[in-house]
Every structure is written in C-alpha cells, then in structure tokens.
>>> print(open('coords-v1.json').read())   # JSON, C-alpha atoms and all ligand atoms
[["chain", "number", "residue", "atom", "x", "y", "z"],
["A", 1, "MET", "CA", 102.89, 0.36, -53.63],
["A", 2, "ASN", "CA", 100.41, -2.40, -52.94],
["A", 3, "CYS", "CA", 99.89, -4.37, -49.81],
["A", 4, "PRO", "CA", 99.72, -8.19, -49.74],
["A", 5, "THR", "CA", 96.55, -7.90, -47.62],
["A", 6, "GLY", "CA", 94.83, -6.28, -50.61],
["A", 7, "LYS", "CA", 93.46, -3.57, -48.31],
["A", 8, "ARG", "CA", 93.32, 0.07, -49.21],
["A", 9, "LEU", "CA", 96.38, 2.05, -48.11],
["A", 10, "TYR", "CA", 96.54, 5.29, -46.21],
["A", 11, "PHE", "CA", 99.77, 7.21, -45.87],
["A", 12, "ASP", "CA", 99.34, 8.17, -42.25],
["A", 13, "LYS", "CA", 97.19, 7.62, -39.22],
["A", 14, "LEU", "CA", 95.23, 10.83, -39.61],
["A", 15, "THR", "CA", 94.25, 10.08, -43.20],
["A", 16, "ALA", "CA", 93.21, 6.57, -42.20],
["A", 17, "GLU", "CA", 91.11, 7.94, -39.34],
["A", 18, "GLU", "CA", 89.39, 10.39, -41.66],
["A", 19, "ALA", "CA", 88.57, 7.53, -44.03],
["A", 20, "LEU", "CA", 87.31, 5.46, -41.11],
["A", 21, "ILE", "CA", 84.97, 8.22, -40.01],
["A", 22, "GLU", "CA", 83.78, 8.95, -43.51],
["A", 23, "ALA", "CA", 83.09, 5.24, -44.11],
["A", 24, "ARG", "CA", 81.01, 5.15, -40.95],
["A", 25, "ILE", "CA", 79.02, 8.20, -42.03],
["A", 26, "ARG", "CA", 78.36, 6.86, -45.51],
["A", 27, "PHE", "CA", 77.69, 3.25, -44.58],
["A", 28, "GLU", "CA", 75.88, 2.80, -41.32],
["A", 29, "HIS", "CA", 76.80, -0.86, -41.13],
["A", 30, "ASN", "CA", 80.42, -0.39, -42.06],
["A", 31, "SER", "CA", 82.33, -2.87, -39.96],
["A", 32, "ALA", "CA", 85.63, -0.97, -39.73],
["A", 33, "ILE", "CA", 86.10, 0.35, -36.21],
["A", 34, "THR", "CA", 89.71, 1.37, -36.08],
["A", 35, "VAL", "CA", 92.95, 1.89, -38.00],
["A", 36, "TYR", "CA", 96.30, 0.12, -37.73],
["A", 37, "GLN", "CA", 99.77, 0.34, -39.17],
["A", 38, "CYS", "CA", 100.47, -2.69, -41.32],
["A", 39, "ASP", "CA", 103.47, -4.93, -40.71],
["A", 40, "ASP", "CA", 103.63, -5.86, -44.38],
["A", 41, "CYS", "CA", 103.54, -2.49, -46.10],
["A", 42, "GLY", "CA", 104.18, -0.01, -43.28],
["A", 43, "GLN", "CA", 101.11, 2.02, -44.28],
["A", 44, "TRP", "CA", 97.76, 2.31, -42.55],
["A", 45, "HIS", "CA", 94.59, 0.29, -43.07],
["A", 46, "LEU", "CA", 91.10, 0.13, -41.64],
["A", 47, "THR", "CA", 90.08, -2.93, -39.65],
["A", 48, "SER", "CA", 87.04, -4.35, -37.90],
["A", 49, "LYS", "CA", 89.22, -6.03, -35.28],
["A", 50, "GLY", "CA", 90.41, -4.61, -31.98],
["A", 51, "GLU", "CA", 89.18, -1.72, -29.90],
["A", 52, "MET", "CA", 87.21, 1.11, -31.39],
["A", 53, "ASN", "CA", 89.18, 4.17, -32.42],
["A", 54, "THR", "CA", 88.76, 6.86, -29.76],
["A", 55, "THR", "CA", 87.94, 9.61, -32.25],
["A", 56, "LEU", "CA", 85.29, 7.49, -33.94],
["A", 57, "LYS", "CA", 83.87, 6.49, -30.56],
["A", 58, "GLU", "CA", 83.63, 10.11, -29.49],
["A", 59, "LEU", "CA", 81.89, 11.15, -32.72],
["A", 60, "LEU", "CA", 79.43, 8.27, -32.41],
["A", 61, "GLU", "CA", 78.70, 9.11, -28.78],
["A", 62, "ASN", "CA", 78.23, 12.84, -29.26],
["A", 63, "GLY", "CA", 75.93, 12.32, -32.26],
["A", 64, "THR", "CA", 78.21, 13.85, -34.91],
["A", 65, "ILE", "CA", 78.19, 10.72, -37.07],
["A", 66, "LYS", "CA", 74.40, 10.55, -37.02],
["A", 67, "LYS", "CA", 74.08, 14.25, -37.84],
["A", 68, "GLU", "CA", 76.57, 14.00, -40.70],
["A", 69, "ARG", "CA", 74.76, 10.96, -42.08],
["A", 70, "GLU", "CA", 71.44, 12.78, -42.01],
["A", 71, "ALA", "CA", 73.03, 15.74, -43.78],
["A", 72, "LEU", "CA", 74.44, 13.40, -46.39],
["A", 73, "ASN", "CA", 71.08, 11.68, -46.91],
["A", 74, "TRP", "CA", 69.42, 15.02, -47.42],
["A", 75, "SER", "CA", 72.01, 16.20, -49.92],
["A", 76, "MET", "CA", 71.59, 12.94, -51.85],
["A", 77, "LYS", "CA", 67.80, 13.38, -51.94],
["A", 78, "PHE", "CA", 68.28, 16.91, -53.05],
["A", 79, "LYS", "CA", 70.48, 15.86, -55.94],
["A", 80, "ARG", "CA", 68.05, 13.19, -57.07],
["A", 81, "ASN", "CA", 65.31, 15.78, -57.47],
["A", 82, "PHE", "CA", 67.21, 17.64, -60.13],
["B", 1, "ZN", "ZN", 99.50, -3.34, -45.54]]
>>> encode(input="coords-v1.json", output="structure tokens", more="lines below")
Ligand SMILES: [Zn+2]
Amino acid sequence: MNCPTGKRLYFDKLTAEEALIEARIRFEHNSAITVYQCDDCGQWHLTSKGEMNTTLKELLENGTIKKEREALNWSMKFKRNF
C-alpha cells in the first residue's frame, strides 16, 4: 500500500522510531525528529514537524547517537581500506 504523501511507510510506531534513530545516526543533518501515524494511510511516517521523539531526545542527550555515528564512520573507513 502506498501513501498519498509519498513518504516511506512503517507498520508500527516502534519500527518508525527505529528508522528515525537510524536516520539520525547515519545522517547528522537528518531533519526528521519524530514519528506520527498518518491520517491517510494509517501507517507511520517520519516527520520534521512537532516535538522531538522522547527516545531520540534521550539518545541524543546521553551521547548514544554520537557514539553510534562514530562507530559507523569507523566501520565505513575500515571497509574502504579493503
Ligand atoms: Zn501516510
């Protein structure tokens, strides 16, 4: 099923939150800050509007996002060397 908004769909809130967090780790300037259930398709999307998701906020504040990003950067460097 596709959504008229053209946004990527997630089946539930947890999956959407995981995608939100992963997007933030991979792309430092990712603008998505929270997830919402869509009125059009009933599924979940990421959005840059509204209040920041509490899980994402916590992970940003306790440094987990930064740590994960550094780990990811290192693993990408590692791969490039081979
Ligand atoms: Zn939708």
>>> residues_near_ligand(input="coords-v1.json", ligand="ligand ZN 1 (chain B)", cutoff="10 Å", atoms="only C-alpha atoms and all ligand atoms", output="MDAnalysis selection string")
chainID A and resid 1:10 36:46
>>> residues_around(input="coords-v1.json", residues="segment 53-55 of chain A", least_positions_apart="4", cutoff="8 Å", atoms="all atoms listed in the file", output="MDAnalysis selection string")
chainID A and resid 17 33:35 59
>>> residues_around(input="coords-v1.json", residues="segment 70-81 of chain A", least_positions_apart="2", cutoff="12 Å", atoms="all atoms listed in the file", output="list in words")
Glu22, Arg24, Ile25, Arg26, Phe27, Glu28, Gly63, Thr64, Ile65, Lys66, Lys67 and Glu68 of chain A
>>> write_last_selection(input="coords-v1.json", atoms="C-alpha atoms", output="JSON list (two decimals), in the coordinates of the input")
[["chain", "number", "residue", "atom", "x", "y", "z"],
["A", 22, "GLU", "CA", 83.78, 8.95, -43.51],
["A", 24, "ARG", "CA", 81.01, 5.15, -40.95],
["A", 25, "ILE", "CA", 79.02, 8.20, -42.03],
["A", 26, "ARG", "CA", 78.36, 6.86, -45.51],
["A", 27, "PHE", "CA", 77.69, 3.25, -44.58],
["A", 28, "GLU", "CA", 75.88, 2.80, -41.32],
["A", 63, "GLY", "CA", 75.93, 12.32, -32.26],
["A", 64, "THR", "CA", 78.21, 13.85, -34.91],
["A", 65, "ILE", "CA", 78.19, 10.72, -37.07],
["A", 66, "LYS", "CA", 74.40, 10.55, -37.02],
["A", 67, "LYS", "CA", 74.08, 14.25, -37.84],
["A", 68, "GLU", "CA", 76.57, 14.00, -40.70]]
>>> atom_distance(input="coords-v1.json", atom1="atom CA of Asp12 of chain A", atom2="atom CA of His29 of chain A")
24.3 Å
>>> closest_residue(input="coords-v1.json", among="A:Phe11, A:Ala32, A:Arg69, A:Ala23", to="Glu51 of chain A", atoms="only C-alpha atoms")
A:Ala32
>>> atom_distance(input="coords-v1.json", atom1="atom CA of Asn30 of chain A", atom2="atom CA of Thr47 of chain A")
10.3 Å
